$ cat start_6.cif   # mmCIF, C-alpha atoms
data_protein
#
loop_
_atom_site.label_atom_id
_atom_site.label_comp_id
_atom_site.auth_asym_id
_atom_site.auth_seq_id
_atom_site.Cartn_x
_atom_site.Cartn_y
_atom_site.Cartn_z
CA MET A 463 113.36 73.98 149.05
CA ASP A 464 114.38 70.76 147.32
CA THR A 465 116.86 70.66 144.50
CA ASN A 466 114.27 70.55 141.72
CA GLU A 467 112.60 73.62 143.19
CA LEU A 468 115.92 75.40 143.39
CA ILE A 469 116.60 74.51 139.74
CA ARG A 470 113.20 75.91 138.77
CA SER A 471 114.07 79.25 140.35
CA LEU A 472 117.51 79.26 138.70
CA ALA A 473 115.96 78.57 135.30
CA ALA A 474 113.47 81.40 135.85
CA ASP A 475 116.36 83.78 136.54
CA HIS A 476 117.93 82.95 133.21
CA GLY A 477 117.28 86.23 131.42
CA TRP A 478 119.82 88.06 133.53
CA ARG A 479 123.17 88.79 131.88
CA ALA A 480 126.31 90.01 133.62
CA ARG A 481 129.06 92.12 132.10
CA PRO A 482 132.28 90.27 131.24
CA VAL A 483 134.66 90.24 134.20
CA GLY A 484 137.46 91.89 132.22
CA ILE A 485 135.30 94.96 131.66
CA VAL A 486 134.19 95.06 135.30
CA LEU A 487 137.84 94.84 136.36
CA ALA A 488 138.82 97.69 134.02
CA ILE A 489 135.96 99.89 135.29
CA ALA A 490 136.86 99.19 138.93
CA LEU A 491 140.52 100.10 138.32
CA ALA A 492 139.53 103.26 136.43
CA LEU A 493 137.40 104.33 139.41
CA ALA A 494 140.27 103.77 141.85
CA LEU A 495 142.89 105.48 139.69
CA PRO A 496 142.00 109.07 140.77
CA PHE A 497 142.61 108.10 144.42
CA THR A 498 146.06 106.77 143.61
CA MET A 499 146.80 109.82 141.45
CA MET A 500 145.73 112.13 144.23
CA MET A 501 147.95 110.37 146.75
CA PHE A 502 150.80 110.56 144.27
CA MET A 503 150.33 114.28 143.55
CA MET A 504 149.97 115.24 147.20
CA ARG A 505 152.78 113.22 148.71
CA LEU A 506 155.27 112.50 145.92
CA GLY A 507 154.89 114.29 142.60
CA MET A 508 157.08 113.81 139.56
CA ARG A 509 160.80 114.23 139.93
CA PRO A 510 161.99 117.77 139.08
CA ASP A 511 164.17 116.66 136.16
CA PHE A 512 161.45 114.49 134.62
CA MET A 513 161.83 115.92 131.10
CA ALA A 514 165.61 115.59 131.11
CA ALA A 515 165.35 112.08 132.51
CA THR A 516 163.31 110.90 129.51
CA GLY A 517 166.58 110.95 127.59
CA ASN A 518 167.96 108.24 129.86
CA PRO A 519 167.11 104.76 128.54
CA PHE A 520 167.25 103.29 132.06
CA PHE A 521 164.57 105.76 133.16
CA ILE A 522 162.34 104.70 130.26
CA LEU A 523 163.06 101.03 130.97
CA LYS A 524 161.43 101.37 134.40
CA PHE A 525 158.10 102.19 132.72
CA VAL A 526 158.49 99.46 130.13
CA ILE A 527 159.01 96.94 132.93
CA THR A 528 156.15 98.09 135.15
CA LEU A 529 153.73 98.34 132.23
CA ALA A 530 154.74 94.86 131.04
CA LEU A 531 153.93 93.64 134.53
CA VAL A 532 150.54 95.39 134.44
CA PHE A 533 149.73 93.80 131.08
CA ALA A 534 150.85 90.31 132.10
CA SER A 535 149.02 90.31 135.43
CA ALA A 536 145.84 91.71 133.88
CA VAL A 537 145.75 88.92 131.29
CA LEU A 538 146.51 86.33 133.97
CA ALA A 539 143.89 87.68 136.39
CA ALA A 540 141.21 87.60 133.69
CA ARG A 541 142.06 83.93 133.03
CA LEU A 542 142.15 82.97 136.70
CA VAL A 543 138.54 84.01 137.22
CA ARG A 544 137.35 81.77 134.37
CA PRO A 545 137.06 78.22 135.71
CA GLY A 546 138.73 75.61 133.57
CA ALA A 547 140.57 78.20 131.48
CA GLU A 548 144.14 77.37 130.59
CA VAL A 549 146.32 79.45 132.93
CA ARG A 550 149.73 77.93 132.23
CA LYS A 551 149.58 79.03 128.61
CA VAL A 552 149.63 82.69 129.65
CA ALA A 553 151.72 82.42 132.84
CA TRP A 554 154.89 82.91 130.78
CA LEU A 555 153.79 86.52 130.19
CA LEU A 556 155.03 87.26 133.71
CA ALA A 557 158.51 86.39 132.49
CA ILE A 558 158.51 89.43 130.18
CA PRO A 559 159.07 92.05 132.91
CA VAL A 560 161.60 89.75 134.59
CA LEU A 561 163.58 89.30 131.37
CA LEU A 562 163.45 93.01 130.61
CA LEU A 563 164.82 93.67 134.06
CA ALA A 564 167.55 91.07 133.65
CA GLY A 565 168.52 92.65 130.32
CA GLY A 566 168.60 96.05 132.00
CA ILE A 567 170.89 94.80 134.75
CA ALA A 568 173.25 93.34 132.17
CA ALA A 569 173.33 96.59 130.19
CA ASP A 570 173.82 98.58 133.38
CA ALA A 571 176.79 96.40 134.31
CA VAL A 572 178.41 97.21 130.96
CA VAL A 573 177.84 100.96 131.25
CA MET A 574 178.95 101.16 134.91
CA THR A 575 178.22 104.78 135.76
CA SER A 576 178.82 104.39 139.49
CA PRO A 577 179.83 101.62 141.92
CA TRP A 578 177.22 98.84 141.91
CA THR A 579 176.68 99.08 145.65
CA LYS A 580 175.68 102.70 145.26
CA ARG A 581 173.29 101.89 142.42
CA LEU A 582 171.79 99.05 144.38
CA ILE A 583 171.15 101.02 147.56
CA GLY A 584 170.10 104.16 145.72
CA THR A 585 168.87 107.27 147.45
CA ASN A 586 165.34 106.56 148.56
CA SER A 587 164.83 102.84 148.90
CA LEU A 588 162.67 103.23 152.01
CA ILE A 589 160.33 105.64 150.26
CA CYS A 590 160.07 103.12 147.43
CA LEU A 591 159.20 100.34 149.87
CA SER A 592 156.42 102.35 151.49
CA ALA A 593 155.15 104.39 148.53
CA ILE A 594 154.42 101.52 146.13
CA PRO A 595 152.27 99.57 148.63
CA ALA A 596 150.49 102.76 149.74
CA LEU A 597 149.74 103.87 146.17
CA SER A 598 148.55 100.40 145.27
CA LEU A 599 146.02 100.13 148.08
CA PRO A 600 143.02 101.77 146.32
CA LEU A 601 143.87 99.82 143.17
CA LEU A 602 144.12 96.51 145.04
CA ILE A 603 140.73 97.03 146.66
CA ALA A 604 139.27 97.85 143.24
CA ALA A 605 140.93 94.88 141.56
CA LEU A 606 139.65 92.46 144.18
CA ALA A 607 136.17 93.97 143.98
CA GLY A 608 136.18 93.63 140.20
CA LEU A 609 137.50 90.07 140.27
CA ARG A 610 134.77 89.05 142.72
CA ARG A 611 132.43 89.16 139.73
CA GLY A 612 134.41 86.34 138.24
CA ALA A 613 134.78 82.83 139.58
CA ALA A 614 138.18 82.35 141.17
CA THR A 615 138.74 78.66 141.78
CA ARG A 616 142.20 79.57 143.13
CA PRO A 617 141.45 82.59 145.34
CA MET A 618 144.92 82.98 146.88
CA LEU A 619 146.75 82.87 143.56
CA THR A 620 144.17 85.19 142.00
CA GLY A 621 144.59 87.60 144.92
CA ALA A 622 148.36 87.57 144.51
CA VAL A 623 148.03 88.35 140.80
CA ALA A 624 145.59 91.17 141.67
CA GLY A 625 148.34 92.45 143.97
CA LEU A 626 150.86 92.40 141.11
CA LEU A 627 148.38 94.23 138.89
CA ALA A 628 147.69 96.94 141.49
CA GLY A 629 151.36 97.12 142.47
CA GLY A 630 152.41 97.38 138.82
CA ILE A 631 150.20 100.40 138.25
CA ALA A 632 151.38 101.97 141.52
CA ALA A 633 155.01 101.30 140.55
CA THR A 634 154.45 103.02 137.21
CA PHE A 635 153.44 106.18 139.08
CA TYR A 636 156.25 105.82 141.55
CA ALA A 637 158.80 105.39 138.77
CA SER A 638 158.15 108.97 137.64
CA HIS A 639 158.99 110.24 141.12
CA CYS A 640 161.95 107.99 141.91
CA ILE A 641 165.37 109.34 140.91
CA ASP A 642 166.98 105.90 141.08
CA ASP A 643 166.97 104.57 137.54
CA SER A 644 169.38 101.67 137.97
CA PRO A 645 167.79 98.32 137.01
CA LEU A 646 169.62 96.92 140.03
CA PHE A 647 167.68 99.26 142.29
CA VAL A 648 164.43 98.33 140.54
CA ALA A 649 165.22 94.63 140.86
CA ILE A 650 165.65 94.83 144.62
CA TRP A 651 163.35 97.53 145.95
CA TYR A 652 160.50 97.55 143.44
CA SER A 653 160.39 93.76 143.64
CA LEU A 654 160.27 93.78 147.43
CA ALA A 655 157.47 96.34 147.42
CA LEU A 656 155.56 94.37 144.77
CA ALA A 657 156.02 91.15 146.70
CA ALA A 658 154.49 92.81 149.75
CA VAL A 659 151.45 93.94 147.73
CA ALA A 660 151.11 90.47 146.19
CA LEU A 661 151.20 88.94 149.66
CA VAL A 662 148.46 91.26 150.92
CA GLY A 663 146.48 90.42 147.77
CA ALA A 664 146.89 86.68 148.36
CA VAL A 665 145.74 86.88 151.98
CA ALA A 666 142.81 89.14 151.08
CA GLY A 667 141.95 87.00 148.06
CA ARG A 668 141.64 83.94 150.20
CA TRP A 669 138.74 85.62 151.97
CA VAL A 670 137.06 87.84 149.43
CA LEU A 671 137.51 85.86 146.21
CA ARG A 672 136.06 82.58 147.41
CA LEU A 673 133.60 81.20 144.94
CA MET B 191 131.15 60.40 129.05
CA ARG B 192 132.50 62.62 126.25
CA GLU B 193 129.14 62.38 124.55
CA ARG B 194 127.36 63.50 127.69
CA GLU B 195 129.60 66.53 128.02
CA GLY B 196 129.07 67.35 124.37
CA GLU B 197 125.33 67.44 124.98
CA TRP B 198 125.85 69.73 127.95
CA THR B 199 127.94 72.10 125.89
CA GLU B 200 125.20 72.22 123.23
CA LEU B 201 122.55 72.92 125.87
CA MET B 202 124.68 75.63 127.48
CA ARG B 203 125.28 77.26 124.11
CA SER B 204 121.53 77.35 123.47
CA ALA B 205 121.03 78.71 126.99
CA HIS B 206 123.63 81.36 126.34
CA ALA B 207 121.74 82.35 123.20
CA GLY B 208 118.64 82.93 125.34
CA ASP B 209 116.90 79.54 125.38
CA GLY B 210 115.55 79.25 128.92
CA ALA B 211 114.17 75.74 128.43
CA ALA B 212 117.62 74.50 127.37
CA TYR B 213 119.06 76.02 130.51
CA HIS B 214 116.47 74.25 132.67
CA ARG B 215 117.26 70.94 130.92
CA LEU B 216 120.97 71.47 131.40
CA LEU B 217 120.61 72.06 135.15
CA LEU B 218 118.44 68.95 135.46
CA ALA B 219 120.97 66.94 133.45
CA ILE B 220 124.04 67.88 135.47
CA THR B 221 122.40 67.47 138.89
CA PRO B 222 122.56 63.65 139.13
CA VAL B 223 126.24 63.75 138.22
CA LEU B 224 126.94 66.44 140.78
CA ARG B 225 124.98 64.45 143.36
CA ALA B 226 127.01 61.29 142.77
CA THR B 227 130.23 63.28 142.97
CA ALA B 228 129.23 64.99 146.21
CA GLN B 229 128.23 61.69 147.77
CA ARG B 230 131.44 60.06 146.72
CA GLY B 231 133.48 62.96 148.12
CA LEU B 232 131.65 62.75 151.44
CA ALA B 233 132.05 58.99 151.61
CA ARG B 234 135.76 59.27 150.98
CA ALA B 235 136.05 61.88 153.74
CA GLY B 236 134.25 59.53 156.10
CA GLN B 237 131.20 61.79 156.29
CA PRO B 238 127.55 60.77 156.10
CA THR B 239 126.49 60.97 152.46
CA ASP B 240 123.07 62.41 153.28
CA GLN B 241 124.61 65.88 153.39
CA GLY B 242 125.41 65.59 149.71
CA GLU B 243 122.35 67.56 148.68
CA ASP B 244 123.60 70.71 150.43
CA ILE B 245 126.74 70.54 148.34
CA VAL B 246 124.75 69.91 145.15
CA GLN B 247 122.64 73.00 145.81
CA GLU B 248 125.69 75.09 146.54
CA ILE B 249 127.32 73.99 143.28
CA LEU B 250 124.14 74.71 141.32
CA LEU B 251 123.92 78.21 142.79
CA ALA B 252 127.57 78.87 141.95
CA VAL B 253 127.12 77.55 138.41
CA HIS B 254 124.12 79.82 137.99
CA LEU B 255 125.62 82.99 139.45
CA LYS B 256 128.95 82.55 137.64
CA ARG B 257 127.62 81.35 134.28
CA HIS B 258 128.85 84.55 132.62
CA THR B 259 132.43 83.35 133.20
CA TRP B 260 131.90 80.40 130.85
CA ASP B 261 133.37 80.98 127.42
CA PRO B 262 130.79 79.98 124.76
CA THR B 263 133.56 78.77 122.48
CA ALA B 264 134.90 76.37 125.14
CA PRO B 265 133.47 73.01 126.23
CA PHE B 266 131.16 73.19 129.25
CA GLY B 267 132.52 70.17 131.14
CA PRO B 268 135.89 71.54 132.33
CA TRP B 269 134.23 74.76 133.48
CA LEU B 270 131.56 72.90 135.41
CA PHE B 271 134.02 70.49 137.00
CA ALA B 272 136.38 73.28 138.06
CA ILE B 273 133.52 74.95 139.93
CA ALA B 274 132.16 71.68 141.34
CA ARG B 275 135.59 70.57 142.51
CA ASN B 276 136.20 73.91 144.20
CA LYS B 277 132.83 73.83 145.98
CA LEU B 278 133.24 70.22 147.02
CA ILE B 279 136.69 70.82 148.52
CA ASP B 280 135.34 73.87 150.32
CA ALA B 281 132.39 71.94 151.71
CA LEU B 282 134.60 69.09 152.92
CA ARG B 283 137.01 71.55 154.48
CA LYS B 284 134.13 73.19 156.34
CA ARG B 285 133.40 69.76 157.77
CA GLY B 286 136.97 69.56 158.92
CA ARG B 287 138.37 67.28 156.26
CA ARG B 288 141.04 67.93 153.69
CA VAL B 289 140.49 65.75 150.73
CA PHE B 290 142.18 65.69 147.41
CA VAL B 291 139.55 65.61 144.73
CA ASP B 292 140.72 64.44 141.37
CA ILE B 293 139.21 65.72 138.16
CA ASP B 294 138.66 62.12 137.06
CA ASP B 295 136.18 61.81 139.88
CA PHE B 296 133.84 63.87 137.77
CA THR B 297 134.45 62.52 134.34
CA ASP B 298 133.92 58.91 135.43
CA THR B 299 130.94 59.60 137.62
CA LEU B 300 127.69 57.83 136.97
CA PRO B 301 124.58 59.83 137.76
CA ALA B 302 122.94 59.22 141.14
CA GLU B 303 119.20 59.50 141.69
CA PRO B 304 117.90 61.19 144.81
CA PRO B 305 116.53 58.91 147.54
CA ARG B 306 113.09 57.85 146.35
CA GLU B 307 111.08 58.12 149.57
CA GLN B 308 111.65 61.76 150.11
CA LEU B 309 113.28 64.42 148.00
CA PRO B 310 116.33 65.85 149.73
CA VAL B 311 115.71 69.29 151.12
CA GLY B 312 119.19 70.72 151.52
CA GLU B 313 120.41 73.70 153.46
CA VAL B 314 118.72 76.30 151.31
CA GLY B 315 115.36 75.99 153.09
CA PRO B 316 116.28 77.52 156.46
CA HIS B 317 118.19 80.33 154.74
CA LEU B 318 115.14 81.20 152.70
CA GLU B 319 113.41 82.30 155.89
CA LYS B 320 116.07 84.92 156.56
CA LEU B 321 115.73 86.71 153.20
CA PRO B 322 113.97 90.07 152.89
CA GLN B 323 110.23 89.57 152.55
CA ARG B 324 109.91 90.44 148.86
CA GLN B 325 112.77 88.17 147.79
CA ARG B 326 111.39 85.35 149.89
CA GLU B 327 107.90 85.71 148.47
CA VAL B 328 109.17 85.76 144.91
CA LEU B 329 111.41 82.73 145.44
CA GLN B 330 108.66 80.78 147.14
CA SER B 331 106.21 81.58 144.40
CA ILE B 332 108.56 80.54 141.59
CA ALA B 333 110.40 77.64 143.21
CA ILE B 334 107.79 76.02 145.39
CA GLU B 335 104.50 77.02 143.80
CA SER B 336 106.14 76.81 140.34
CA ALA B 337 104.53 80.03 139.19
CA SER B 338 106.00 81.89 136.20
CA ILE B 339 107.52 85.35 136.47
CA ARG B 340 104.33 86.85 135.04
CA GLU B 341 102.04 84.96 137.44
CA THR B 342 104.24 85.94 140.36
CA ALA B 343 104.17 89.57 139.31
CA ALA B 344 100.36 89.52 139.14
CA LYS B 345 100.02 87.71 142.46
CA LEU B 346 102.35 90.04 144.36
CA SER B 347 101.25 93.13 142.40
CA MET B 348 104.80 93.86 141.28
CA SER B 349 106.16 94.61 137.82
CA GLU B 350 107.80 91.69 136.00
CA GLY B 351 111.06 93.59 136.09
CA ALA B 352 110.86 93.95 139.87
CA VAL B 353 110.15 90.21 140.18
CA ARG B 354 113.21 89.44 138.09
CA VAL B 355 115.40 91.70 140.21
CA ALA B 356 114.03 90.26 143.48
CA LEU B 357 114.54 86.73 142.18
CA HIS B 358 118.12 87.37 141.18
CA ARG B 359 118.98 89.18 144.40
CA GLY B 360 117.32 86.44 146.42
CA LEU B 361 119.40 83.76 144.72
CA ALA B 362 122.59 85.78 145.11
CA SER B 363 122.02 86.31 148.83
CA LEU B 364 121.13 82.64 149.30
CA ALA B 365 124.49 81.75 147.78
CA ALA B 366 126.27 84.28 150.02
CA LYS B 367 124.55 82.89 153.12
CA LEU B 368 125.53 79.33 152.21
CA ARG B 369 129.13 80.39 151.67
CA ARG B 370 129.32 82.11 155.06
CA ASP B 371 127.94 79.10 156.89
#

$ encode --input "start_6.cif" --output "C-alpha cells"
Amino acid sequence: MDTNELIRSLAADHGWRARPVGIVLAIALALALPFTMMMFMMRLGMRPDFMAATGNPFFILKFVITLALVFASAVLAARLVRPGAEVRKVAWLLAIPVLLLAGGIAADAVVMTSPWTKRLIGTNSLICLSAIPALSLPLLIAALAGLRRGAATRPMLTGAVAGLLAGGIAATFYASHCIDDSPLFVAIWYSLALAAVALVGAVAGRWVLRL
Amino acid sequence: MREREGEWTELMRSAHAGDGAAYHRLLLAITPVLRATAQRGLARAGQPTDQGEDIVQEILLAVHLKRHTWDPTAPFGPWLFAIARNKLIDALRKRGRRVFVDIDDFTDTLPAEPPREQLPVGEVGPHLEKLPQRQREVLQSIAIESASIRETAAKLSMSEGAVRVALHRGLASLAAKLRRD
C-alpha cells in the first residue's frame, strides 16, 4: 500500500467519531471504583470513631489534600494526552495539595498535641504504605486504559500522573480508615505510598501509553 | 509557513465539522512536509533516507486514529508536530539512534515529493496480509481499488456500517502492528 492509498483509506474512515478522552477516563475510573471500594470494605473499613473524628480539622484536612491531588492530576492527565496542549500552565495545580499540606504541618506545629516524633511515626505507617498502593491498583489500570484513548506524547510522565490520580483516590479511601491525622504523618507516609504508585504508573505508562 | 498552518487548521476544522473531502485534502497537504521531516531526521541519524516513507505512514495513522484529541479551537500545527516529533523519535530509536528533534525542524520544513520513478510502498503492505480476512478485503477495496464505502459494501455483500467498522478496525490494528515492530 503506498502512501496515497493509505490516505484514501484514512479519508474513507472519516465518519468515525471517538468520545473525548476525559469522559473515557472518568468512565474507566467509575468502573474500577467498586473494586477499590470492595477491597477497602473487606480489609480496612472506616475507623470506629469516624463520626467523632469529623470534628477534628486535621482529619478533614487529609481529605481536602487528597481530593486536591485527585483534581490536579485529573486536569493534568487530560492535558497530557492532548498533543501540543499547554501543560506548564496547569502544572501549578499540583502545588495546591503540597501547599495545603505545608500549611497543615505549620498549624500542627503550633498546636503541638504530642511529641513530633510520635506524630511523624504514627501508629500504622506500614499499613499506609501497603494499603494505598494496593487500593490504587484497580484505579491505575483503569486510568491507564482510559488514557490510552488519548495521545500521550510523554508516556512516562503521563503514566506517573495517572499514578498520582489513582493513588489520590486510593488515599482518600485510606484516610477514612487511618487514625493518624497529623499532617506530618501524611507528608511522610502518604507521600511515600503515592510516590510508589506514581513510579509504577510511569514504568507502565512507558509501555502502554506509547502513541 | 504560518500561512500554510493556517490553511491546515481551516481544513481540519471543516473536517471536524464532517467534511470528508477537506480531511482528504488535509492529509494530502501535510504528507510532503512529514516526508521531508522524516527524511531529514533519518539523514541526521545517519540512516538511509529511503525508510522515510514508513515513518510518514506511521505518523499519518497516528494523526488519523488520534484526531479526536485535537481541540477545534486550537491551531492544528502544534498538535500535528507534537505527534510527528514523537513518532519520528520513536522510529529513530527503534533503529538504534537517539536523536534530538527540534520543533523548528517542522516549521521550517519545505515539502518533499516522493521519488518519481516509483511510489514508496512503506511498511504497511506486509502487515496488511496479516489482518483478518474481512478487514483486509475492505482495506484493499478502498485503498488500492479506490472503491467507495458503498461500492465495497455491495462487492463484499456487507452492510455499509459493517464496512465502516471493518475499515476502522483494520486501520487501528495496522497502527498497532507498526508500533509493535

$ interface_residues --input "start_6.cif" --of "chain A" --to "chain B" --cutoff "8 Å" --atoms "all atoms listed in the file" --output "PyMOL selection string"
chain A and resi 463-483+543-547+611-613+615+673

$ write_last_selection --input "start_6.cif" --atoms "C-alpha atoms" --output "PDB file, keeping the file's coordinate frame"
ATOM      1  CA  MET A 463     113.360  73.980 149.050  1.00  0.00           C
ATOM      2  CA  ASP A 464     114.380  70.760 147.320  1.00  0.00           C
ATOM      3  CA  THR A 465     116.860  70.660 144.500  1.00  0.00           C
ATOM      4  CA  ASN A 466     114.270  70.550 141.720  1.00  0.00           C
ATOM      5  CA  GLU A 467     112.600  73.620 143.190  1.00  0.00           C
ATOM      6  CA  LEU A 468     115.920  75.400 143.390  1.00  0.00           C
ATOM      7  CA  ILE A 469     116.600  74.510 139.740  1.00  0.00           C
ATOM      8  CA  ARG A 470     113.200  75.910 138.770  1.00  0.00           C
ATOM      9  CA  SER A 471     114.070  79.250 140.350  1.00  0.00           C
ATOM     10  CA  LEU A 472     117.510  79.260 138.700  1.00  0.00           C
ATOM     11  CA  ALA A 473     115.960  78.570 135.300  1.00  0.00           C
ATOM     12  CA  ALA A 474     113.470  81.400 135.850  1.00  0.00           C
ATOM     13  CA  ASP A 475     116.360  83.780 136.540  1.00  0.00           C
ATOM     14  CA  HIS A 476     117.930  82.950 133.210  1.00  0.00           C
ATOM     15  CA  GLY A 477     117.280  86.230 131.420  1.00  0.00           C
ATOM     16  CA  TRP A 478     119.820  88.060 133.530  1.00  0.00           C
ATOM     17  CA  ARG A 479     123.170  88.790 131.880  1.00  0.00           C
ATOM     18  CA  ALA A 480     126.310  90.010 133.620  1.00  0.00           C
ATOM     19  CA  ARG A 481     129.060  92.120 132.100  1.00  0.00           C
ATOM     20  CA  PRO A 482     132.280  90.270 131.240  1.00  0.00           C
ATOM     21  CA  VAL A 483     134.660  90.240 134.200  1.00  0.00           C
ATOM     22  CA  VAL A 543     138.540  84.010 137.220  1.00  0.00           C
ATOM     23  CA  ARG A 544     137.350  81.770 134.370  1.00  0.00           C
ATOM     24  CA  PRO A 545     137.060  78.220 135.710  1.00  0.00           C
ATOM     25  CA  GLY A 546     138.730  75.610 133.570  1.00  0.00           C
ATOM     26  CA  ALA A 547     140.570  78.200 131.480  1.00  0.00           C
ATOM     27  CA  ARG A 611     132.430  89.160 139.730  1.00  0.00           C
ATOM     28  CA  GLY A 612     134.410  86.340 138.240  1.00  0.00           C
ATOM     29  CA  ALA A 613     134.780  82.830 139.580  1.00  0.00           C
ATOM     30  CA  THR A 615     138.740  78.660 141.780  1.00  0.00           C
ATOM     31  CA  LEU A 673     133.600  81.200 144.940  1.00  0.00           C
TER      32      LEU A 673
END

$ resolve_selection --input "start_6.cif" --expression "the PyMOL selection byres ((chain A and resi 585) around 8)" --output "ChimeraX atom specification"
/A:583-584,586-587,641-642

$ resolve_selection --input "start_6.cif" --expression "the PyMOL selection byres ((chain A and resi 496) around 12)" --output "list in words"
Ala490, Leu491, Ala492, Leu493, Ala494, Leu495, Phe497, Thr498, Met499, Met500, Met501, Phe502, Met503, Met504, Leu597, Ser598, Pro600, Leu601, Ala604, Ala632 and Phe635 of chain A

$ closest_residue --input "start_6.cif" --among "A:Leu627, A:Ile567, A:Ala649, A:Leu606" --to "Val665 in chain A" --atoms "only C-alpha atoms"
A:Leu606

$ resolve_selection --input "start_6.cif" --expression "the PyMOL selection byres ((chain B and resi 195) around 10)" --output "VMD selection string"
chain B and resid 191 to 194 196 to 201 220 265 to 268 270 297

$ residues_around --input "start_6.cif" --residues "Leu562 in chain A" --least-positions-apart "3" --cutoff "9 Å" --atoms "only C-alpha atoms" --output "ChimeraX atom specification"
/A:523,526-527,530,557-559,565-567

$ atom_distance --input "start_6.cif" --atom1 "CA of Cys640 in chain A" --atom2 "CA of Thr620 in chain A"
28.9 Å

$ atom_distance --input "start_6.cif" --atom1 "CA of Val223 in chain B" --atom2 "CA of Pro301 in chain B"
4.3 Å

$ atom_distance --input "start_6.cif" --atom1 "CA of Met508 in chain A" --atom2 "CA of Leu656 in chain A"
20.2 Å

$ build_atoms --input "start_6.cif" --residues "range 343-360 of chain B" --atoms "N, CA and C atoms" --output "tab-separated table (two decimals), in the coordinates of the input"
chain	number	residue	atom	x	y	z
B	343	ALA	N	104.32	88.12	139.33
B	343	ALA	CA	104.17	89.57	139.31
B	343	ALA	C	102.71	89.95	139.59
B	344	ALA	N	101.78	89.22	138.95
B	344	ALA	CA	100.36	89.52	139.14
B	344	ALA	C	99.96	89.26	140.59
B	345	LYS	N	100.42	88.12	141.10
B	345	LYS	CA	100.02	87.71	142.46
B	345	LYS	C	100.52	88.70	143.51
B	346	LEU	N	101.77	89.16	143.34
B	346	LEU	CA	102.35	90.04	144.36
B	346	LEU	C	102.18	91.51	144.01
B	347	SER	N	101.41	91.78	142.99
B	347	SER	CA	101.25	93.13	142.40
B	347	SER	C	102.58	93.88	142.30
B	348	MET	N	103.52	93.24	141.60
B	348	MET	CA	104.80	93.86	141.28
B	348	MET	C	104.93	93.87	139.75
B	349	SER	N	105.89	94.69	139.25
B	349	SER	CA	106.16	94.61	137.82
B	349	SER	C	107.01	93.37	137.56
B	350	GLU	N	106.99	92.87	136.31
B	350	GLU	CA	107.80	91.69	136.00
B	350	GLU	C	109.28	91.98	136.21
B	351	GLY	N	109.66	93.21	135.89
B	351	GLY	CA	111.06	93.59	136.09
B	351	GLY	C	111.45	93.50	137.55
B	352	ALA	N	110.57	93.98	138.43
B	352	ALA	CA	110.86	93.95	139.87
B	352	ALA	C	110.94	92.51	140.37
B	353	VAL	N	110.10	91.63	139.80
B	353	VAL	CA	110.15	90.21	140.18
B	353	VAL	C	111.49	89.63	139.78
B	354	ARG	N	111.92	89.96	138.56
B	354	ARG	CA	113.21	89.44	138.09
B	354	ARG	C	114.35	89.89	138.99
B	355	VAL	N	114.33	91.17	139.35
B	355	VAL	CA	115.40	91.70	140.21
B	355	VAL	C	115.36	91.02	141.58
B	356	ALA	N	114.15	90.89	142.16
B	356	ALA	CA	114.03	90.26	143.48
B	356	ALA	C	114.49	88.81	143.42
B	357	LEU	N	114.14	88.13	142.34
B	357	LEU	CA	114.54	86.73	142.18
B	357	LEU	C	116.07	86.61	142.14
B	358	HIS	N	116.67	87.46	141.31
B	358	HIS	CA	118.12	87.37	141.18
B	358	HIS	C	118.82	87.71	142.48
B	359	ARG	N	118.35	88.78	143.14
B	359	ARG	CA	118.98	89.18	144.40
B	359	ARG	C	118.79	88.10	145.45
B	360	GLY	N	117.60	87.51	145.46
B	360	GLY	CA	117.32	86.44	146.42
B	360	GLY	C	118.28	85.28	146.24
